[in-house]
Structures are given as structure tokens and as C-alpha cells.
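Data from coords_3.pdb: PDB, C-alpha atoms and all ligand atoms
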MODEL        1
ATOM      1  CA  MET G  16      86.213 258.397-120.902
ATOM      2  CA  ARG G  17      86.688 257.348-117.303
ATOM      3  CA  ILE G  18      87.053 253.619-116.700
ATOM      4  CA  PRO G  19      86.075 252.338-113.257
ATOM      5  CA  PRO G  20      89.041 250.500-111.665
ATOM      6  CA  GLY G  21      87.042 247.278-111.321
ATOM      7  CA  LEU G  22      86.268 247.219-115.035
ATOM      8  CA  ALA G  23      89.887 248.014-115.859
ATOM      9  CA  ALA G  24      91.021 245.013-113.806
ATOM     10  CA  VAL G  25      88.558 242.773-115.609
ATOM     11  CA  LEU G  26      89.731 244.034-119.015
ATOM     12  CA  LEU G  27      93.333 243.335-118.102
ATOM     13  CA  ALA G  28      92.565 239.890-116.717
ATOM     14  CA  LEU G  29      90.657 238.984-119.872
ATOM     15  CA  ALA G  30      93.426 240.191-122.123
ATOM     16  CA  LEU G  31      96.308 238.500-120.316
ATOM     17  CA  GLY G  32      94.922 235.354-118.731
ATOM     18  CA  GLY G  33      93.761 231.977-119.866
ATOM     19  CA  CYS G  34      96.430 229.838-121.444
ATOM     20  CA  ALA G  35      96.588 226.142-120.843
ATOM     21  CA  SER G  36     100.011 224.920-119.936
ATOM     22  CA  LEU G  37     101.429 221.783-121.418
ATOM     23  CA  PRO G  38     100.645 218.627-119.572
ATOM     24  CA  ARG G  39     103.521 218.837-117.169
ATOM     25  CA  PRO G  40     106.174 216.223-117.754
ATOM     26  CA  THR G  41     106.149 214.179-114.578
ATOM     27  CA  GLY G  42     107.344 210.774-113.510
ATOM     28  CA  PRO G  43     110.026 208.551-114.980
ATOM     29  CA  GLU G  44     108.937 209.120-118.586
ATOM     30  CA  ALA G  45     109.408 212.843-118.358
ATOM     31  CA  PRO G  46     112.070 214.145-120.715
ATOM     32  CA  ALA G  47     114.750 216.302-119.185
ATOM     33  CA  TRP G  48     113.609 219.796-119.960
ATOM     34  CA  ARG G  49     116.584 220.495-122.195
ATOM     35  CA  ASP G  50     115.593 217.538-124.388
ATOM     36  CA  ALA G  51     112.261 219.215-124.898
ATOM     37  CA  ARG G  52     113.828 222.126-126.787
ATOM     38  CA  VAL G  53     112.350 220.657-129.901
ATOM     39  CA  LEU G  54     112.749 223.197-132.630
ATOM     40  CA  GLU G  55     116.002 224.751-131.634
ATOM     41  CA  SER G  56     117.796 221.566-130.646
ATOM     42  CA  GLU G  57     117.548 220.220-134.175
ATOM     43  CA  PRO G  58     119.594 221.564-137.066
ATOM     44  CA  ALA G  59     116.617 222.560-139.217
ATOM     45  CA  SER G  60     117.251 225.955-140.764
ATOM     46  CA  ARG G  61     113.670 226.364-142.015
ATOM     47  CA  LEU G  62     110.385 226.541-140.185
ATOM     48  CA  LEU G  63     106.996 225.640-141.601
ATOM     49  CA  LEU G  64     103.805 226.738-139.891
ATOM     50  CA  GLU G  65     100.967 224.615-141.237
ATOM     51  CA  VAL G  66      97.644 226.205-140.340
ATOM     52  CA  ASP G  67      94.356 224.282-140.521
ATOM     53  CA  ARG G  68      91.077 225.699-139.310
ATOM     54  CA  VAL G  69      87.460 225.009-138.561
ATOM     55  CA  GLN G  70      84.901 226.993-140.510
ATOM     56  CA  GLY G  71      83.933 230.085-138.526
ATOM     57  CA  SER G  72      87.167 230.032-136.481
ATOM     58  CA  GLU G  73      89.570 231.172-139.161
ATOM     59  CA  PRO G  74      92.905 232.757-138.222
ATOM     60  CA  ARG G  75      93.278 236.507-138.553
ATOM     61  CA  PRO G  76      95.907 237.007-141.275
ATOM     62  CA  ARG G  77      97.442 239.969-139.414
ATOM     63  CA  ALA G  78      97.945 237.849-136.288
ATOM     64  CA  LEU G  79      99.752 235.147-138.262
ATOM     65  CA  ARG G  80     101.877 237.819-139.916
ATOM     66  CA  LYS G  81     102.802 239.256-136.508
ATOM     67  CA  LEU G  82     103.782 235.770-135.318
ATOM     68  CA  ALA G  83     105.980 235.112-138.366
ATOM     69  CA  LEU G  84     107.674 238.504-138.014
ATOM     70  CA  ARG G  85     108.314 237.953-134.323
ATOM     71  CA  LEU G  86     109.672 234.436-134.911
ATOM     72  CA  ARG G  87     112.264 235.857-137.272
ATOM     73  CA  ASP G  88     113.784 237.500-134.187
ATOM     74  CA  LEU G  89     113.080 234.769-131.656
ATOM     75  CA  THR G  90     114.242 231.669-133.534
ATOM     76  CA  ASP G  91     117.241 230.632-135.590
ATOM     77  CA  LYS G  92     115.755 229.832-139.007
ATOM     78  CA  PRO G  93     118.018 231.568-141.539
ATOM     79  CA  ASP G  94     116.436 229.804-144.535
ATOM     80  CA  GLY G  95     113.041 231.180-143.793
ATOM     81  CA  ILE G  96     109.716 230.825-142.057
ATOM     82  CA  THR G  97     106.759 229.805-144.189
ATOM     83  CA  VAL G  98     103.125 230.091-143.162
ATOM     84  CA  VAL G  99     100.646 228.002-145.147
ATOM     85  CA  VAL G 100      96.917 228.104-144.466
ATOM     86  CA  ASP G 101      95.687 224.704-145.567
ATOM     87  CA  ASP G 102      92.590 222.632-144.672
ATOM     88  CA  LEU G 103      89.144 224.056-143.877
ATOM     89  CA  LEU G 104      87.150 221.738-141.614
ATOM     90  CA  PRO G 105      83.402 221.615-141.022
ATOM     91  CA  PRO G 106      82.294 222.801-137.569
ATOM     92  CA  GLU G 107      81.025 219.315-136.646
ATOM     93  CA  ALA G 108      84.596 217.975-136.833
ATOM     94  CA  TRP G 109      85.420 219.872-133.620
ATOM     95  CA  GLN G 110      84.866 218.381-130.158
ATOM     96  CA  GLU G 111      86.123 219.554-126.786
ATOM     97  CA  SER G 112      88.156 216.424-126.168
ATOM     98  CA  ASP G 113      91.923 216.296-126.304
ATOM     99  CA  GLN G 114      91.786 212.859-127.936
ATOM    100  CA  VAL G 115      89.458 214.067-130.674
ATOM    101  CA  LEU G 116      91.578 217.159-131.244
ATOM    102  CA  ARG G 117      94.779 215.147-131.450
ATOM    103  CA  SER G 118      93.218 212.821-133.988
ATOM    104  CA  LEU G 119      91.965 215.839-135.928
ATOM    105  CA  ALA G 120      95.537 217.089-135.954
ATOM    106  CA  ARG G 121      96.781 213.745-137.285
ATOM    107  CA  ARG G 122      94.178 213.802-140.047
ATOM    108  CA  THR G 123      94.870 217.362-141.154
ATOM    109  CA  ARG G 124      98.668 217.393-140.947
ATOM    110  CA  SER G 125      99.441 217.290-144.627
ATOM    111  CA  LEU G 126     102.162 219.581-145.927
ATOM    112  CA  GLU G 127     105.724 218.840-146.863
ATOM    113  CA  ARG G 128     107.301 215.989-144.900
ATOM    114  CA  PRO G 129     111.007 216.248-145.678
ATOM    115  CA  ALA G 130     113.834 214.298-144.140
ATOM    116  CA  PRO G 131     114.090 214.872-140.394
ATOM    117  CA  GLY G 132     116.365 217.737-139.560
ATOM    118  CA  SER G 133     115.886 219.827-142.706
ATOM    119  CA  LEU G 134     112.608 221.462-141.727
ATOM    120  CA  ALA G 135     110.945 222.076-138.384
ATOM    121  CA  THR G 136     107.169 222.033-138.491
ATOM    122  CA  VAL G 137     104.636 223.510-136.136
ATOM    123  CA  HIS G 138     101.048 222.602-136.851
ATOM    124  CA  ILE G 139      98.475 225.193-135.786
ATOM    125  CA  LEU G 140      94.852 224.155-135.554
ATOM    126  CA  TYR G 141      92.162 226.829-135.139
ATOM    127  CA  GLY G 142      88.812 225.949-133.644
ATOM    128  CA  PRO G 143      86.061 227.525-131.602
ATOM    129  CA  ARG G 144      86.705 226.466-128.008
ATOM    130  CA  PHE G 145      88.282 224.115-125.504
ATOM    131  CA  HIS G 146      87.302 224.377-121.825
ATOM    132  CA  GLY G 147      87.602 228.158-121.713
ATOM    133  CA  TYR G 148      91.274 228.238-122.754
ATOM    134  CA  ARG G 149      92.594 230.658-125.323
ATOM    135  CA  GLY G 150      95.411 228.454-126.543
ATOM    136  CA  PHE G 151      97.019 225.101-125.889
ATOM    137  CA  ALA G 152     100.201 223.424-127.054
ATOM    138  CA  TRP G 153     101.827 220.026-127.198
ATOM    139  CA  THR G 154     105.519 219.654-127.941
ATOM    140  CA  ARG G 155     106.587 217.162-130.554
ATOM    141  CA  PRO G 156     107.865 214.587-128.011
ATOM    142  CA  VAL G 157     104.547 214.769-126.172
ATOM    143  CA  MET G 158     102.629 214.315-129.449
ATOM    144  CA  ALA G 159     104.900 211.461-130.492
ATOM    145  CA  ARG G 160     103.967 209.493-127.386
ATOM    146  CA  THR G 161     100.376 209.144-128.537
ATOM    147  CA  SER G 162     100.854 209.628-132.292
ATOM    148  CA  PRO G 163     104.088 207.982-133.435
ATOM    149  CA  ASN G 164     103.660 209.048-137.070
ATOM    150  CA  TYR G 165     102.905 212.655-136.303
ATOM    151  CA  ASP G 166     105.999 214.743-136.925
ATOM    152  CA  ALA G 167     105.150 218.206-135.635
ATOM    153  CA  ALA G 168     104.479 220.192-132.518
ATOM    154  CA  LEU G 169     100.834 221.169-132.194
ATOM    155  CA  ILE G 170      99.297 224.495-131.236
ATOM    156  CA  LEU G 171      95.560 224.900-130.748
ATOM    157  CA  ILE G 172      93.976 228.356-130.893
ATOM    158  CA  PHE G 173      90.424 228.917-129.673
ATOM    159  CA  GLN G 174      88.775 231.807-131.424
ATOM    160  CA  ASP G 175      85.690 232.059-129.193
ATOM    161  CA  GLN G 176      88.010 233.360-126.440
ATOM    162  CA  LEU G 177      89.785 235.877-128.660
ATOM    163  CA  LYS G 178      87.426 238.753-129.184
ATOM    164  CA  SER G 179      88.375 242.409-128.986
ATOM    165  CA  ILE G 180      87.989 243.844-125.492
ATOM    166  CA  ALA G 181      87.619 247.593-125.843
ATOM    167  CA  TRP G 182      90.787 248.609-127.735
ATOM    168  CA  ILE G 183      92.732 245.472-126.828
ATOM    169  CA  THR G 184      92.206 244.129-130.310
ATOM    170  CA  ASP G 185      91.476 240.551-131.252
ATOM    171  CA  VAL G 186      94.515 240.615-133.570
ATOM    172  CA  ARG G 187      96.846 241.583-130.705
ATOM    173  CA  GLN G 188      95.345 238.952-128.428
ATOM    174  CA  GLU G 189      95.614 236.242-131.064
ATOM    175  CA  ALA G 190      99.217 237.192-131.880
ATOM    176  CA  SER G 191     100.267 237.229-128.226
ATOM    177  CA  VAL G 192      98.633 233.828-127.592
ATOM    178  CA  LEU G 193     100.395 232.455-130.694
ATOM    179  CA  VAL G 194     103.794 233.665-129.441
ATOM    180  CA  HIS G 195     103.085 232.195-125.990
ATOM    181  CA  GLU G 196     101.980 228.799-127.332
ATOM    182  CA  PHE G 197     104.906 228.765-129.732
ATOM    183  CA  GLY G 198     107.151 229.114-126.680
ATOM    184  CA  HIS G 199     105.662 225.884-125.342
ATOM    185  CA  THR G 200     106.485 224.088-128.606
ATOM    186  CA  LEU G 201     110.084 225.273-128.192
ATOM    187  CA  GLY G 202     110.168 223.525-124.839
ATOM    188  CA  LEU G 203     109.983 226.660-122.712
ATOM    189  CA  VAL G 204     109.545 226.785-119.630
ATOM    190  CA  GLY G 205     110.815 223.699-117.873
ATOM    191  CA  ASP G 206     113.818 225.349-116.235
ATOM    192  CA  PRO G 207     112.995 225.347-112.528
ATOM    193  CA  GLY G 208     115.242 228.416-112.112
ATOM    194  CA  HIS G 209     112.527 230.688-113.478
ATOM    195  CA  GLY G 210     109.655 228.326-114.283
ATOM    196  CA  SER G 211     106.772 227.057-112.261
ATOM    197  CA  GLY G 212     103.679 225.159-113.340
ATOM    198  CA  GLY G 213     104.905 225.138-116.962
ATOM    199  CA  HIS G 214     105.148 228.918-117.136
ATOM    200  CA  CYS G 215     107.786 231.557-116.589
ATOM    201  CA  THR G 216     107.976 233.343-113.267
ATOM    202  CA  ASN G 217     109.114 236.620-114.869
ATOM    203  CA  ALA G 218     106.014 238.756-115.130
ATOM    204  CA  TRP G 219     107.240 240.666-118.211
ATOM    205  CA  CYS G 220     107.737 237.460-120.225
ATOM    206  CA  SER G 221     105.367 236.177-122.892
ATOM    207  CA  MET G 222     105.627 232.799-121.141
ATOM    208  CA  TYR G 223     104.251 234.185-117.897
ATOM    209  CA  ASP G 224     100.695 233.050-117.378
ATOM    210  CA  GLY G 225      98.422 234.724-114.962
ATOM    211  CA  VAL G 226      97.373 238.058-113.727
ATOM    212  CA  ASP G 227      98.597 239.129-110.330
ATOM    213  CA  ALA G 228      99.906 242.211-108.591
ATOM    214  CA  ARG G 229     103.081 242.210-110.695
ATOM    215  CA  THR G 230     101.443 241.944-114.118
ATOM    216  CA  PHE G 231      98.890 244.409-112.933
ATOM    217  CA  PHE G 232     101.649 246.856-112.062
ATOM    218  CA  LEU G 233     103.642 246.177-115.242
ATOM    219  CA  TYR G 234     100.831 246.088-117.749
ATOM    220  CA  PHE G 235      98.046 248.119-116.288
ATOM    221  CA  PHE G 236      98.750 251.326-118.157
ATOM    222  CA  PRO G 237     100.286 249.931-121.371
ATOM    223  CA  THR G 238      97.477 247.398-121.792
ATOM    224  CA  LEU G 239      94.764 249.726-120.722
ATOM    225  CA  PHE G 240      95.796 252.706-122.794
ATOM    226  CA  THR G 241      97.564 251.253-125.822
ATOM    227  CA  GLY G 242      96.316 247.669-125.935
ATOM    228  CA  TYR G 243      99.871 246.421-125.427
ATOM    229  CA  LEU G 244     100.323 242.685-124.790
ATOM    230  CA  PRO G 245     103.606 240.813-124.215
ATOM    231  CA  MET G 246     105.147 239.401-127.415
ATOM    232  CA  ARG G 247     108.692 238.518-126.289
ATOM    233  CA  TYR G 248     110.430 235.886-124.224
ATOM    234  CA  CYS G 249     112.407 237.193-121.264
ATOM    235  CA  ALA G 250     116.205 236.986-121.082
ATOM    236  CA  ASP G 251     116.021 233.824-118.929
ATOM    237  CA  CYS G 252     113.777 232.036-121.436
ATOM    238  CA  SER G 253     115.946 233.169-124.372
ATOM    239  CA  ASP G 254     118.998 231.941-122.495
ATOM    240  CA  ASP G 255     117.403 228.509-122.152
ATOM    241  CA  LEU G 256     117.063 228.355-125.939
ATOM    242  CA  TYR G 257     120.522 229.642-126.810
ATOM    243  CA  PRO G 258     122.692 229.104-123.729
ATOM    244  CA  GLU G 259     125.949 229.336-125.715
ATOM    245  CA  ASP G 260     124.976 232.598-127.362
ATOM    246  CA  ASP G 261     123.722 234.718-124.498
ATOM    247  CA  GLY G 262     120.148 234.110-125.470
ATOM    248  CA  VAL G 263     120.518 235.443-129.022
ATOM    249  CA  PRO G 264     119.699 233.090-131.926
ATOM    250  CA  PRO G 265     123.129 232.313-133.459
ATOM    251  CA  GLY G 266     122.107 233.552-136.929
ATOM    252  CA  ARG G 267     121.051 236.888-135.507
ATOM    253  CA  ARG G 268     124.183 237.885-133.650
ATOM    254  CA  ARG G 269     125.368 241.267-134.775
ATOM    255  CA  ASN G 270     129.078 240.408-134.543
ATOM    256  CA  PRO G 271     129.410 236.690-135.153
TER     257      PRO G 271
HETATM  258 ZN    ZN G 301     101.025 228.565-121.505
HETATM  259 ZN    ZN G 302     110.469 233.912-119.467
ENDMDL
END
Could you quickly redo this structure as C-alpha cells?
Amino acid sequence: MRIPPGLAAVLLALALGGCASLPRPTGPEAPAWRDARVLESEPASRLLLEVDRVQGSEPRPRALRKLALRLRDLTDKPDGITVVVDDLLPPEAWQESDQVLRSLARRTRSLERPAPGSLATVHILYGPRFHGYRGFAWTRPVMARTSPNYDAALILIFQDQLKSIAWITDVRQEASVLVHEFGHTLGLVGDPGHGSGGHCTNAWCSMYDGVDARTFFLYFFPTLFTGYLPMRYCADCSDDLYPEDDGVPPGRRRNP
């Protein structure tokens, strides 16, 4: 099958583009970007992913499994990563308003609330849509500003934007958006050395956001022919997380 170049470009743009960056920390209240390394700057050795979803926008189990597998390599959680799919919400609970979605997150956040420091929690809320984005994330400090009793980082995933495009499967797209949004909850990418507009400037990084000549060059053939999508953080982003360990999570060093 011959694919016209114009269509190929559209396929690639659809598969790679469309993440919302975090509201950029600006002004005097902005935390130094290193303070925003939420999950990895605390001693928690376990990670809980609490997943709630709106009816009709359920997560794809294989995408969540891919995320959990990838996080085993990307984070330092030697006592395990647990994924729990929890509340099912009626479609009318969903509104395209960040205030409504944050309050929905407060209402549905329900699992295990142990002493601070023993467990890191990321809350993932699945719904149909939000202004054409595919995913969105708020770090815990950002959430805490408006919701003092909310103790997690929040990821939103919008299933209406995650449909298979030719052989770029919906599972791959969902998994790659999850890894990208998870990076935001870790506090990536505030380092001005390789970050701009809340995203990484390295085109091969999962935290890169956008489709331009470089991603086109890097991903055109892998994405077009194998459905490949980025699922890793680049060396610069990894270094920001584990500066003392050359970017490798301390528990995963081969020769500690
Ligand atoms: Zn992003
Ligand atoms: Zn990066």
C-alpha cells in the first residue's frame, strides 16, 4: 500500500502531538524546578496508581500494563508499583472545566492514604475529552495549592483523542501519553538547560511535545511502519531525576 506523503504527515502529527503542558510555574509562587520532583524527591519506596474512570472512557488494560512495566525502569520504587482500577463515574459527572475536573479528582481519590513518605500516589482519571488534548497533568504541589487535602499528583487521560490511526494502535498511543504525563508528575521538564514551554527540547524524548522537522526525521519511518511511539525519557531528563546516579534510578544500578 502506498501512502501519500501528506497523509503520512497527518498520521504522524496525530500520533505524536497534543499534550497539554502543566500550567507553567511563573511568578514568585513558582517552586524551584528541583522542588517539583515530587515522586523521586521523597523517600517512598512504593508507588500506587489509582485509576478512576468515566463510563465509556475506560482505560485499556494493556496500556496501563505497559506504563507499569516502563515505570519499573524509570523510577526508583523497589517495593513495587501497584495499579488499582477503582471508581466508575457516570458520563454526566464529566465537564470540560479544570475546576470541575479537579473537584472530581478530590471526590474520587479514595485508596490507601498512608503516612507521608511511605507511598507515592499518582491518581489517573480517565474521561472523554478536554479541549482537544490527549492528556494533562498536575504535580502534587500544584494540586495542593487549590486542594490542600488532596495528596496525589493527578493525570487526566482523554479517550476521545486516543483512537487507533492506521496501525498506530490506541494502546500504544495511550501508553505513550501515560508515560509523558507521568513525566510531568515527576516534575520534568523545568530545567531550562533542555526544557522550554514545560517540555523537553530533545526530540527523541517522551517529554518532547510537538511535531516538527526533527521528530518528523526521527520518527517518520518507525512510527509510520511499526507504529513506534516514544516511551522513554532522554538522558537529560533522567539526569534531572537522579543527578547523583548518572540518571539511573539508584535501585536499578547494575553495580551499586
Ligand atoms: Zn506534556
Ligand atoms: Zn527529555
- Message: Taking all atoms listed in the file into account, which residues have an atom no farther than 7 Å from ligand ZN 302 (chain G)? I'd like them as a PyMOL selection string.
- Response: chain G and resi 215-217+220-223+248-252
- Apply the PyMOL selection byres (((chain G and resi 167) around 7) and not hetatm) to the structure shown and report the selected residues as a ChimeraX atom specification. /G:136-138,155,165-166,168-169
- Item | Counting all atoms listed in the file, the residue of G:Phe145, G:Tyr243, G:Phe151, G:Trp109 that sits nearest ligand ZN 301 (chain G) |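 That would be G:Phe151, the residue with the smallest distance to ligand ZN 301 (chain G).
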Can you list what the PyMOL selection byres (((chain G and resi 104) around 8) and not hetatm) grabs from this structure, as a tab-separated table (two decimals) with C-alpha atoms, in the frame of the given file?
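result.tsv written:
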chain	number	residue	atom	x	y	z
G	67	ASP	CA	94.36	224.28	-140.52
G	68	ARG	CA	91.08	225.70	-139.31
G	69	VAL	CA	87.46	225.01	-138.56
G	70	GLN	CA	84.90	226.99	-140.51
G	102	ASP	CA	92.59	222.63	-144.67
G	103	LEU	CA	89.14	224.06	-143.88
G	105	PRO	CA	83.40	221.62	-141.02
G	106	PRO	CA	82.29	222.80	-137.57
G	108	ALA	CA	84.60	217.98	-136.83
- Non-local contacts of region 256-268 of chain G (8 Å; all atoms listed in the file; under 6 positions in same chain excluded) as a ChimeraX atom specification: /G:52,55,88-93,201,203,250
- Option closest in space to ligand ZN 301 (chain G), from G:Trp182, G:Trp153, G:Phe173, G:Tyr141 [counting all atoms listed in the file]: G:Trp153
- Rounded to one decimal in Å, what is the spacing between CA of Leu193 (chain G) and CA of Ile170 (chain G)?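 Atom-to-atom, CA of Leu193 (chain G) to CA of Ile170 (chain G), that is 8.1 Å.
For the set G:Pro76, G:Gly202, G:Gly213, G:Gly71, the residue with the smallest atom-to-atom gap to ligand ZN 301 (chain G) is G:Gly213, counting only C-alpha atoms and all ligand atoms.
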- Item | For CA of Gly210 (chain G) and CA of Asp255 (chain G), the interatomic separation in Å (one decimal) |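 Computing the Euclidean distance for CA of Gly210 (chain G) and CA of Asp255 (chain G) yields 11.0 Å.
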- State, in Å with one decimal place, the distance from CA of Asp113 (chain G) to CA of Arg61 (chain G). 28.7 Å
- Given only C-alpha atoms as the counted atoms, nearest of G:Val99, G:Ile183, G:Ala120, G:Val66 to Thr161 (chain G): G:Ala120
Output, as lines of an AutoDock Vina configuration file, the centre and edge lengths in Å (one decimal) of the axis-aligned box that contains all listed atoms of region 255-261 of chain G with 3 Å of margin on each side.
center_x = 121.5
center_y = 231.5
center_z = -124.8
size_x = 14.9
size_y = 12.4
size_z = 11.2
- Query: Once the PyMOL selection byres (((chain G and resi 126) around 10) and not hetatm) has been applied to the shown file, what residues remain in the selection, as a ChimeraX atom specification?
  - Reply: /G:63-66,99,101,123-125,127-129,136,138
- Query: Looking at G:Asp254, G:Asp185, G:Tyr148, G:Arg160, which one is nearest to ligand ZN 301 (chain G), with distances taken over all atoms listed in the file?
  - Reply: G:Tyr148
- Task: For Arg85 (chain G), work out the shell of residues within 9 Å, counting only C-alpha atoms and skipping chain neighbours fewer than 5 positions away, then give it as JSON, numbers by chain.
- Result: {"G": [80, 90, 194, 246, 247]}
